[in-house]
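What follows is the content of work-v1.txt, which has compact mmCIF, C-alpha atoms and all ligand atoms:
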```
# COMPACT_ATOMS: atom_id res chain seq x y z
CA MET L 256 -15.10 28.72 20.97
CA SER L 257 -17.18 25.54 20.85
CA VAL L 258 -18.13 23.79 17.59
CA THR L 259 -19.65 20.44 16.62
CA ILE L 260 -17.86 18.09 14.25
CA THR L 261 -20.05 16.93 11.39
CA ARG L 262 -17.75 14.78 9.28
CA LEU L 263 -14.19 13.59 8.69
CA GLY L 264 -11.97 14.97 5.92
CA HIS L 265 -9.59 13.07 3.64
CA HIS L 266 -6.73 13.26 6.15
CA GLY L 267 -8.95 12.07 9.01
CA ASP L 268 -9.37 15.49 10.65
CA GLY L 269 -12.81 16.30 12.04
CA ILE L 270 -14.62 19.11 10.21
CA ALA L 271 -17.18 21.49 11.74
CA GLU L 272 -19.23 24.08 9.89
CA GLY L 273 -17.09 26.95 8.61
CA PRO L 274 -15.21 24.82 7.75
CA VAL L 275 -13.19 24.41 10.92
CA PHE L 276 -10.72 21.51 11.01
CA ALA L 277 -9.72 19.75 14.23
CA PRO L 278 -7.34 16.77 14.44
CA ARG L 279 -8.30 13.63 16.38
CA THR L 280 -12.00 14.46 16.62
CA LEU L 281 -15.06 12.50 15.50
CA PRO L 282 -18.46 13.32 13.99
CA GLY L 283 -21.02 14.35 16.62
CA GLU L 284 -18.38 15.58 19.07
CA GLU L 285 -18.67 19.02 20.59
CA ILE L 286 -15.18 20.48 20.92
CA ASP L 287 -13.67 23.63 22.30
CA GLY L 288 -10.55 25.55 21.34
CA GLU L 289 -9.07 28.58 19.68
CA ILE L 290 -9.72 28.74 15.93
CA VAL L 291 -6.64 29.91 14.04
CA GLU L 292 -6.96 30.08 10.25
CA GLY L 293 -9.86 27.63 10.21
CA ARG L 294 -8.19 25.11 12.51
CA ILE L 295 -8.37 24.12 16.16
CA ALA L 296 -4.94 22.60 16.64
CA THR L 297 -5.44 21.22 20.17
CA PRO L 298 -9.17 20.62 20.60
CA LYS L 299 -10.68 19.94 24.02
CA ILE L 300 -13.36 17.27 23.69
CA VAL L 301 -16.48 18.56 25.48
CA THR L 302 -18.90 15.80 24.41
CA PRO L 303 -17.08 12.65 23.26
CA SER L 304 -18.49 10.39 20.57
CA PRO L 305 -19.51 6.85 21.63
CA ASP L 306 -17.04 5.74 18.92
CA ARG L 307 -14.12 7.38 20.73
CA VAL L 308 -11.51 5.00 22.20
CA ALA L 309 -8.22 5.51 24.02
CA ALA L 310 -5.46 5.48 21.39
CA PRO L 311 -3.53 2.20 21.81
CA CYS L 312 -0.16 3.75 20.97
CA ARG L 313 1.75 6.15 23.18
CA HIS L 314 3.36 7.76 20.12
CA TYR L 315 0.02 8.59 18.49
CA LYS L 316 -0.04 12.34 18.99
CA ALA L 317 3.58 13.01 18.10
CA CYS L 318 4.22 10.52 15.35
CA GLY L 319 1.87 11.35 12.49
CA GLY L 320 1.96 7.82 11.07
CA CYS L 321 -1.64 7.14 12.19
CA ALA L 322 -4.68 9.44 11.93
CA LEU L 323 -7.58 7.45 13.39
CA GLN L 324 -6.40 5.69 16.55
CA HIS L 325 -8.94 7.64 18.60
CA ALA L 326 -11.81 5.87 16.79
CA SER L 327 -13.14 2.35 17.29
CA ASP L 328 -12.42 -0.29 14.63
CA ASN L 329 -16.14 -0.44 13.85
CA PHE L 330 -16.31 3.28 13.25
CA VAL L 331 -13.25 3.26 10.97
CA ALA L 332 -14.58 0.27 9.00
CA GLY L 333 -17.95 1.99 8.54
CA TRP L 334 -16.28 5.26 7.56
CA LYS L 335 -14.08 3.56 4.96
CA GLN L 336 -17.11 1.79 3.49
CA ASP L 337 -18.90 5.15 3.32
CA VAL L 338 -15.95 6.71 1.48
CA VAL L 339 -16.19 3.97 -1.17
CA ARG L 340 -20.01 4.06 -1.29
CA THR L 341 -20.00 7.85 -1.72
CA ALA L 342 -17.39 7.75 -4.51
CA LEU L 343 -19.46 5.16 -6.38
CA ALA L 344 -22.72 7.06 -5.77
CA ALA L 345 -21.11 10.14 -7.36
CA GLN L 346 -20.87 8.00 -10.52
CA ASP L 347 -24.51 6.81 -10.10
CA ILE L 348 -23.39 3.34 -9.05
CA ALA L 349 -25.20 1.76 -6.11
CA ALA L 350 -22.89 -0.61 -4.27
CA GLU L 351 -23.55 -3.66 -2.17
CA MET L 352 -20.80 -3.88 0.45
CA LEU L 353 -19.25 -7.01 1.96
CA PRO L 354 -17.84 -6.89 5.51
CA VAL L 355 -14.58 -4.93 5.81
CA HIS L 356 -11.30 -6.85 6.29
CA THR L 357 -9.26 -4.91 8.84
CA SER L 358 -5.66 -6.01 9.31
CA PRO L 359 -4.62 -6.57 12.93
CA PRO L 360 -2.22 -4.26 14.80
CA ARG L 361 1.54 -4.83 14.33
CA ALA L 362 1.00 -6.31 10.87
CA ARG L 363 2.41 -3.70 8.45
CA ARG L 364 5.36 -5.36 6.77
CA ARG L 365 6.81 -2.39 4.94
CA ALA L 366 7.69 1.08 6.23
CA VAL L 367 9.74 4.09 5.30
CA PHE L 368 11.92 5.39 8.13
CA THR L 369 14.00 8.54 8.14
CA GLY L 370 17.44 8.75 9.71
CA ARG L 371 19.34 11.88 10.68
CA ARG L 372 22.69 12.24 12.41
CA THR L 373 22.80 13.89 15.81
CA LYS L 374 25.87 15.17 17.65
CA LYS L 375 26.62 11.83 19.29
CA ASP L 376 24.53 9.27 17.47
CA ALA L 377 21.51 9.26 15.12
CA LEU L 378 17.76 9.70 15.23
CA VAL L 379 15.65 7.16 13.33
CA GLY L 380 11.88 7.29 13.16
CA LEU L 381 8.92 8.51 11.17
CA HIS L 382 8.37 12.01 9.86
CA ALA L 383 5.39 13.70 11.53
CA ARG L 384 2.75 14.74 9.00
CA ALA L 385 3.81 17.77 6.92
CA SER L 386 6.76 18.42 9.20
CA ASP L 387 10.48 17.79 9.31
CA VAL L 388 10.36 16.44 12.86
CA ILE L 389 11.45 12.81 13.16
CA THR L 390 9.65 10.85 15.89
CA GLU L 391 11.16 7.68 17.33
CA ILE L 392 8.53 4.97 17.69
CA PRO L 393 9.86 2.07 19.80
CA ASP L 394 6.33 1.01 20.88
CA CYS L 395 4.64 1.45 17.49
CA GLN L 396 1.41 -0.56 17.36
CA LEU L 397 1.19 -0.55 13.59
CA LEU L 398 4.41 -2.03 12.28
CA TYR L 399 5.45 -5.65 12.36
CA PRO L 400 7.90 -6.08 15.28
CA ASP L 401 10.64 -7.20 12.83
CA LEU L 402 10.67 -3.70 11.35
CA LEU L 403 11.10 -2.07 14.75
CA ALA L 404 13.85 -4.56 15.58
CA ALA L 405 15.76 -3.22 12.58
CA VAL L 406 15.97 0.31 14.02
CA PRO L 407 19.38 -0.23 15.72
CA ALA L 408 20.73 -1.28 12.30
CA LEU L 409 19.21 1.81 10.69
CA ARG L 410 20.74 3.97 13.39
CA ALA L 411 24.20 2.49 12.77
CA LEU L 412 23.74 2.97 9.02
CA THR L 413 22.75 6.60 9.58
CA VAL L 414 25.85 7.31 11.68
CA PHE L 415 27.94 5.66 8.99
CA GLY L 416 26.30 6.91 5.82
CA ALA L 417 24.39 10.17 6.31
CA SER L 418 26.00 13.48 5.53
CA ARG L 419 26.10 16.00 8.41
CA LYS L 420 22.88 17.74 7.44
CA GLY L 421 21.21 15.25 5.12
CA GLU L 422 18.60 12.62 5.92
CA LEU L 423 18.56 8.97 4.93
CA ARG L 424 15.39 7.32 3.68
CA PHE L 425 15.09 3.65 4.59
CA THR L 426 12.53 1.42 2.92
CA VAL L 427 12.32 -1.58 5.22
CA THR L 428 10.42 -4.68 4.17
CA ARG L 429 9.77 -7.83 6.15
CA SER L 430 10.56 -10.96 4.14
CA ASN L 431 10.50 -14.66 4.90
CA ALA L 432 14.28 -14.55 5.37
CA GLY L 433 14.62 -11.41 7.50
CA VAL L 434 14.49 -7.71 6.90
CA ASP L 435 15.27 -6.17 3.51
CA VAL L 436 16.67 -2.62 3.82
CA SER L 437 16.99 -0.17 0.95
CA VAL L 438 18.75 3.13 1.74
CA GLU L 439 18.42 6.31 -0.30
CA GLY L 440 20.05 9.71 0.11
CA ALA L 441 23.23 8.18 1.51
CA LYS L 442 26.86 9.20 0.91
CA PRO L 443 28.18 7.77 -2.36
CA LEU L 444 30.07 4.51 -2.06
CA GLU L 445 33.83 4.94 -2.01
CA GLY L 446 36.96 3.28 -0.64
CA GLN L 447 36.27 0.66 1.99
CA MET L 448 32.61 1.56 2.41
CA LEU L 449 31.31 -1.45 0.53
CA MET L 450 33.21 -3.86 2.79
CA THR L 451 32.13 -2.05 5.94
CA LEU L 452 28.48 -1.94 4.89
CA GLY L 453 28.52 -5.64 3.98
CA ALA L 454 29.90 -6.42 7.43
CA MET L 455 27.27 -4.20 9.08
CA ALA L 456 24.47 -6.00 7.20
CA GLY L 457 25.78 -9.31 8.51
CA GLU L 458 26.25 -8.10 12.09
CA HIS L 459 22.70 -6.75 12.22
CA GLY L 460 21.17 -9.86 10.64
CA LEU L 461 19.73 -8.07 7.60
CA ALA L 462 18.63 -10.31 4.75
CA ARG L 463 19.68 -7.75 2.14
CA LEU L 464 21.12 -4.23 2.08
CA THR L 465 20.82 -1.86 -0.89
CA TRP L 466 22.64 1.51 -0.91
CA ASN L 467 21.46 4.29 -3.26
CA GLY L 468 20.06 1.58 -5.57
CA GLU L 469 23.20 -0.59 -5.48
CA MET L 470 23.03 -3.98 -3.83
CA ILE L 471 25.65 -4.23 -1.07
CA ALA L 472 24.88 -7.64 0.34
CA GLU L 473 22.28 -10.33 -0.07
CA ILE L 474 22.96 -12.55 2.88
CA ARG L 475 19.70 -14.49 2.44
CA PRO L 476 17.37 -13.84 -0.52
CA PRO L 477 14.51 -11.78 1.02
CA TYR L 478 11.76 -13.80 -0.61
CA GLN L 479 8.01 -13.42 -0.46
CA THR L 480 5.62 -16.32 -0.99
CA PHE L 481 2.91 -15.87 -3.60
CA GLY L 482 0.89 -19.10 -3.76
CA LYS L 483 3.31 -21.93 -4.58
CA ALA L 484 6.07 -19.57 -5.73
CA ARG L 485 8.89 -17.88 -3.85
CA VAL L 486 9.71 -14.47 -5.28
CA ASN L 487 12.76 -12.38 -4.49
CA PRO L 488 11.51 -8.84 -5.26
CA PRO L 489 13.75 -5.94 -6.28
CA ALA L 490 14.74 -3.62 -3.42
CA GLY L 491 11.88 -1.38 -2.32
CA ALA L 492 9.39 -3.01 -4.72
CA PHE L 493 5.65 -2.72 -4.18
CA LEU L 494 4.17 -5.25 -1.78
CA GLN L 495 0.64 -5.30 -0.33
CA ALA L 496 0.95 -3.62 3.07
CA THR L 497 0.00 -6.62 5.23
CA GLN L 498 -0.18 -10.37 4.68
CA GLU L 499 -3.80 -10.25 5.89
CA GLY L 500 -4.68 -7.50 3.41
CA GLU L 501 -3.01 -9.42 0.61
CA ASN L 502 -4.97 -12.56 1.54
CA ALA L 503 -8.27 -10.66 1.51
CA LEU L 504 -7.59 -9.05 -1.89
CA LEU L 505 -6.32 -12.33 -3.32
CA SER L 506 -9.45 -14.21 -2.15
CA ALA L 507 -11.64 -11.62 -3.86
CA VAL L 508 -9.58 -11.89 -7.07
CA LEU L 509 -9.50 -15.71 -7.07
CA GLU L 510 -13.24 -15.92 -6.54
CA THR L 511 -13.86 -13.55 -9.45
CA VAL L 512 -11.59 -15.36 -11.92
CA SER L 513 -12.46 -18.92 -10.88
CA GLY L 514 -13.21 -20.90 -14.03
CA ALA L 515 -11.12 -18.64 -16.29
CA LYS L 516 -8.41 -20.44 -18.25
CA HIS L 517 -6.57 -17.45 -19.76
CA ILE L 518 -6.09 -14.40 -17.55
CA ALA L 519 -4.36 -11.06 -18.10
CA ASP L 520 -2.99 -9.59 -14.84
CA LEU L 521 -2.52 -5.86 -15.47
CA PHE L 522 -0.28 -3.83 -13.13
CA SER L 523 0.91 -7.20 -11.88
CA GLY L 524 3.81 -6.11 -9.67
CA CYS L 525 5.90 -9.12 -8.66
CA GLY L 526 3.03 -11.58 -9.10
CA THR L 527 0.94 -11.25 -5.93
CA PHE L 528 -2.12 -12.35 -7.91
CA ALA L 529 -0.55 -13.80 -11.08
CA LEU L 530 1.34 -16.63 -9.36
CA PRO L 531 -1.55 -17.93 -7.20
CA MET L 532 -3.87 -17.66 -10.24
CA ALA L 533 -1.39 -19.76 -12.23
CA GLU L 534 -2.40 -22.79 -10.17
CA ASN L 535 -5.53 -22.94 -12.34
CA ALA L 536 -5.01 -20.76 -15.41
CA GLU L 537 -2.43 -19.46 -17.85
CA VAL L 538 -1.57 -15.91 -16.89
CA HIS L 539 -0.05 -13.01 -18.82
CA ALA L 540 1.40 -10.49 -16.33
CA VAL L 541 1.88 -6.90 -17.52
CA GLU L 542 3.67 -4.22 -15.53
CA SER L 543 5.90 -1.21 -16.24
CA GLU L 544 8.83 -2.28 -14.02
CA ALA L 545 10.95 -4.84 -15.86
CA ASP L 546 12.90 -5.82 -12.74
CA MET L 547 9.67 -6.72 -10.90
CA LEU L 548 8.69 -8.92 -13.84
CA ARG L 549 12.12 -10.60 -13.78
CA SER L 550 11.50 -11.51 -10.13
CA LEU L 551 8.03 -12.79 -10.99
CA ASP L 552 9.38 -14.86 -13.87
CA GLN L 553 12.17 -16.37 -11.75
CA GLY L 554 9.68 -17.22 -9.02
CA TRP L 555 7.47 -18.97 -11.58
CA ARG L 556 10.39 -20.91 -13.10
CA MET L 557 11.49 -22.23 -9.70
CA ALA L 558 7.96 -23.26 -8.66
CA THR L 559 6.33 -26.58 -9.50
CA GLY L 560 2.73 -27.27 -10.42
CA LEU L 561 1.96 -23.92 -12.05
CA LYS L 562 0.51 -23.31 -15.49
CA ARG L 563 2.30 -21.05 -17.95
CA VAL L 564 3.00 -17.47 -16.86
CA THR L 565 4.29 -14.95 -19.40
CA THR L 566 5.40 -11.40 -18.63
CA GLU L 567 5.45 -8.14 -20.57
CA ALA L 568 7.06 -4.86 -19.50
CA ARG L 569 4.74 -2.16 -20.75
CA ASP L 570 3.54 1.27 -19.72
CA LEU L 571 -0.21 0.67 -19.52
CA PHE L 572 -0.99 4.38 -19.27
CA ARG L 573 0.65 5.12 -22.60
CA ARG L 574 0.10 1.76 -24.25
CA PRO L 575 -2.90 -0.02 -22.78
CA LEU L 576 -3.64 -3.55 -24.00
CA LEU L 577 -5.92 -3.19 -27.03
CA PRO L 578 -9.12 -5.12 -27.80
CA ASP L 579 -7.26 -7.33 -30.30
CA GLU L 580 -4.83 -8.36 -27.56
CA LEU L 581 -7.49 -8.65 -24.89
CA LYS L 582 -9.84 -10.92 -26.78
CA ARG L 583 -7.77 -14.04 -25.99
CA TYR L 584 -8.48 -13.68 -22.24
CA ASP L 585 -11.61 -14.81 -20.44
CA ALA L 586 -10.73 -12.69 -17.40
CA VAL L 587 -8.68 -9.60 -16.63
CA VAL L 588 -7.31 -8.59 -13.22
CA ILE L 589 -6.48 -4.91 -12.93
CA ASP L 590 -4.78 -3.30 -9.92
CA PRO L 591 -3.49 0.13 -10.97
CA PRO L 592 -1.75 2.80 -8.86
CA ARG L 593 -3.78 5.68 -7.38
CA ALA L 594 -4.31 7.36 -10.75
CA GLY L 595 -6.48 4.43 -11.84
CA ALA L 596 -6.52 3.07 -15.38
CA GLU L 597 -9.06 5.04 -17.39
CA TYR L 598 -7.71 4.30 -20.87
CA GLN L 599 -7.00 0.66 -20.14
CA MET L 600 -10.52 0.26 -18.78
CA MET L 601 -11.96 1.77 -21.97
CA GLU L 602 -10.12 -0.86 -24.03
CA ILE L 603 -11.35 -3.64 -21.74
CA ALA L 604 -14.90 -2.34 -22.09
CA THR L 605 -14.55 -2.26 -25.90
CA ALA L 606 -13.10 -5.78 -25.92
CA GLN L 607 -15.98 -7.00 -23.73
CA VAL L 608 -13.71 -9.32 -21.72
CA PRO L 609 -16.28 -11.49 -19.88
CA VAL L 610 -14.92 -11.01 -16.34
CA VAL L 611 -12.96 -8.14 -14.79
CA SER L 612 -11.51 -8.30 -11.29
CA ALA L 613 -10.76 -4.72 -10.25
CA VAL L 614 -8.55 -3.90 -7.26
CA SER L 615 -7.81 -0.32 -6.25
CA CYS L 616 -6.29 1.93 -3.60
CA ASN L 617 -8.27 5.01 -4.62
CA PRO L 618 -12.07 5.10 -4.30
CA VAL L 619 -12.42 8.08 -6.67
CA THR L 620 -10.52 6.59 -9.62
CA PHE L 621 -12.01 3.16 -8.85
CA ALA L 622 -15.51 4.65 -9.20
CA ARG L 623 -14.58 6.58 -12.35
CA ASP L 624 -13.19 3.40 -13.95
CA ALA L 625 -16.13 1.30 -12.70
CA LYS L 626 -18.48 3.66 -14.52
CA ILE L 627 -16.68 2.91 -17.81
CA LEU L 628 -17.49 -0.77 -17.32
CA THR L 629 -21.08 -0.35 -16.12
CA GLN L 630 -21.84 1.94 -19.07
CA ALA L 631 -20.48 -0.78 -21.37
CA GLY L 632 -22.89 -3.42 -20.04
CA TYR L 633 -21.03 -4.82 -17.03
CA GLU L 634 -22.64 -5.47 -13.67
CA MET L 635 -20.63 -4.73 -10.54
CA GLY L 636 -20.68 -7.38 -7.80
CA PRO L 637 -20.47 -6.61 -4.07
CA VAL L 638 -17.47 -4.51 -3.05
CA THR L 639 -14.88 -5.80 -0.59
CA VAL L 640 -13.21 -3.01 1.38
CA VAL L 641 -9.81 -4.00 2.72
CA ASP L 642 -8.25 -1.94 5.49
CA GLN L 643 -4.60 -2.90 5.44
CA PHE L 644 -3.56 0.66 6.28
CA ARG L 645 -5.02 0.39 9.75
CA TRP L 646 -5.65 3.69 11.58
CA SER L 647 -4.97 5.68 8.41
CA THR L 648 -7.40 7.14 5.91
CA HIS L 649 -6.22 4.89 3.06
CA VAL L 650 -8.83 2.57 1.59
CA GLU L 651 -8.38 -0.49 -0.64
CA MET L 652 -11.19 -2.22 -2.46
CA ALA L 653 -11.95 -5.05 -4.86
CA ALA L 654 -15.00 -5.90 -6.95
CA ALA L 655 -15.98 -8.21 -9.78
CA PHE L 656 -17.49 -6.93 -13.03
CA THR L 657 -19.31 -9.36 -15.28
CA LEU L 658 -21.21 -8.86 -18.54
CA LYS L 659 -24.98 -8.82 -18.05
C1 LIG L 701 -1.01 -1.13 -6.71
S1 LIG L 701 0.43 -1.86 -7.38
C2 LIG L 701 -0.18 -3.49 -7.63
C3 LIG L 701 0.84 -4.55 -7.84
C4 LIG L 701 0.34 -5.99 -7.77
N1 LIG L 701 -0.94 -6.18 -8.39
C5 LIG L 701 0.34 -6.47 -6.34
O1 LIG L 701 -0.75 -6.69 -5.79
O2 LIG L 701 1.41 -6.67 -5.76
C6 LIG L 701 0.49 -1.13 -8.96
C7 LIG L 701 1.56 -1.62 -9.87
O3 LIG L 701 1.45 -0.89 -11.10
C8 LIG L 701 2.75 -0.65 -11.61
N2 LIG L 701 2.62 0.53 -12.50
C9 LIG L 701 2.63 1.84 -12.16
N3 LIG L 701 2.45 2.60 -13.25
C10 LIG L 701 2.33 1.76 -14.31
C11 LIG L 701 2.13 1.95 -15.70
N4 LIG L 701 2.02 3.18 -16.20
N5 LIG L 701 2.06 0.86 -16.49
C12 LIG L 701 2.17 -0.37 -15.98
N6 LIG L 701 2.36 -0.63 -14.67
C13 LIG L 701 2.44 0.43 -13.83
C14 LIG L 701 3.60 -0.43 -10.38
O4 LIG L 701 4.96 -0.71 -10.67
C15 LIG L 701 2.98 -1.43 -9.39
O5 LIG L 701 3.65 -2.65 -9.44
```
Turn the structure described in the file into structure tokens.
Amino acid sequence: MSVTITRLGHHGDGIAEGPVFAPRTLPGEEIDGEIVEGRIATPKIVTPSPDRVAAPCRHYKACGGCALQHASDNFVAGWKQDVVRTALAAQDIAAEMLPVHTSPPRARRRAVFTGRRTKKDALVGLHARASDVITEIPDCQLLYPDLLAAVPALRALTVFGASRKGELRFTVTRSNAGVDVSVEGAKPLEGQMLMTLGAMAGEHGLARLTWNGEMIAEIRPPYQTFGKARVNPPAGAFLQATQEGENALLSAVLETVSGAKHIADLFSGCGTFALPMAENAEVHAVESEADMLRSLDQGWRMATGLKRVTTEARDLFRRPLLPDELKRYDAVVIDPPRAGAEYQMMEIATAQVPVVSAVSCNPVTFARDAKILTQAGYEMGPVTVVDQFRWSTHVEMAAAFTLK
């Protein structure tokens, strides 16, 4: 049966009236195929969209790591802007949009691989979407080549440390000193394992190896550079997905807070924004993970030419900063997880902090929280959409809010 795709859903599937879902299709395309439970699993494209391109990666169909490689960069950028615009419109906020920053291919510096033992060796790759199939991705166009170069090490670690039926989860992060590998789901450490793993980390040139949360070897501190500071983050810690994405978000934040002398950086992570901001202002960084703050603090102490940075481990969902605490800041940066920061935003609105730089990875909670500020007398500046999750449906955004 033939249907016409009218829009894309949250996972990037095309949707025709019905609704009928079809993967790897685009709005305006006429497609053909058997509809099973509201889905055409292998659509034949009868009339292709002018936005259709040949997927650059040979693993695209099998892998499940990317959802939008069949669409041009322009189309994806426009679609991501529309997602943000629509979420804001649902809160009665009209948005001016700045050009989208799309990270280049082969720039993702953090990935989660899965490893499973096979009869003779091991399989290491990505899990296909909603499936337990592991796909090897030697020619992946998304990940930084350093991450792919670590796969032989991950394979050796799987052979060594996975149980017969279990899977290992590897969080692999590119650092300035090599690859940082954190393994979960592995056999417990016993006997000579620690020595062997330490030797394996060295042989494979890993910067650091962590096993079920325990550090095995730090051959070179896997540091990241945030402004003038070098930070050695805890294993598996949050890091913006690409350097280019981080630069785009940081530029938006720095522009918003320029001129501020006392800044609160809420949901600060390891200091991605706090440390560069400290070149011009005193910064108080607040975050729930104490070990991330320890890394931030150490990075600040080792750096020269930065103003004072203080840290506070605090659950900002349960204990948001209150107006009394907020009134000493002339700007707040807020970059919460996907759930957003409704209660914290209410306190900021009550405190009437003059400038708020909001960064988000979820258009819906971003819009909900933006509404709290606009209702309290703030004006939203133009929105920067940052696409650091290239070829996926994830969207990041940043905007400035100032009192009218
Ligand atoms: C999107 S990340 C942003 C980190 C940082 N701004 C950056 O750019 O690297 C969100 C951060 O919020 C922290 N977080 C999550 N839940 C939290 C909570 N309830 N209270 C405080 N921080 C939280 C996470 O540990 C994470 O570091």
Mind checking which residues fall within 12 Å of L:Gly595, counting all atoms listed in the file, ignoring those fewer than 6 positions away in the same chain, and posting them as a compact mmCIF listing (two decimals) with C-alpha atoms, keeping the file's coordinate frame?
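Written output follows (selection.txt):
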```
# COMPACT_ATOMS: atom_id res chain seq x y z
CA LEU L 521 -2.52 -5.86 -15.47
CA PHE L 522 -0.28 -3.83 -13.13
CA LEU L 571 -0.21 0.67 -19.52
CA PHE L 572 -0.99 4.38 -19.27
CA ILE L 589 -6.48 -4.91 -12.93
CA MET L 601 -11.96 1.77 -21.97
CA ALA L 613 -10.76 -4.72 -10.25
CA VAL L 614 -8.55 -3.90 -7.26
CA SER L 615 -7.81 -0.32 -6.25
CA CYS L 616 -6.29 1.93 -3.60
CA ASN L 617 -8.27 5.01 -4.62
CA PRO L 618 -12.07 5.10 -4.30
CA VAL L 619 -12.42 8.08 -6.67
CA THR L 620 -10.52 6.59 -9.62
CA PHE L 621 -12.01 3.16 -8.85
CA ALA L 622 -15.51 4.65 -9.20
CA ARG L 623 -14.58 6.58 -12.35
CA ASP L 624 -13.19 3.40 -13.95
CA ALA L 625 -16.13 1.30 -12.70
CA ILE L 627 -16.68 2.91 -17.81
```
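Atom CA of L:Tyr478 lies 13.0 Å from atom CA of L:Ala558.
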Taking every listed atom of ligand LIG 701 (chain L) and adding 8 Å to each side, what centre and edge lengths in Å (one decimal) does the axis-aligned box have, as lines of an AutoDock Vina configuration file?
```
center_x = 2.0
center_y = -1.8
center_z = -11.1
size_x = 22.0
size_y = 25.9
size_z = 26.7
```
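Here atom CA of L:Leu504 stands at a distance of 18.3 Å from atom CA of L:Glu542.
Considering only C-alpha atoms and all ligand atoms, the residue among L:Gln643, L:Thr373, L:Thr648, L:Thr527 positioned nearest to ligand LIG 701 (chain L) is L:Thr527.
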ask   = atom CA of L:Phe493 to atom CA of L:Ile471: how many Å, to one decimal?
value = 20.3 Å
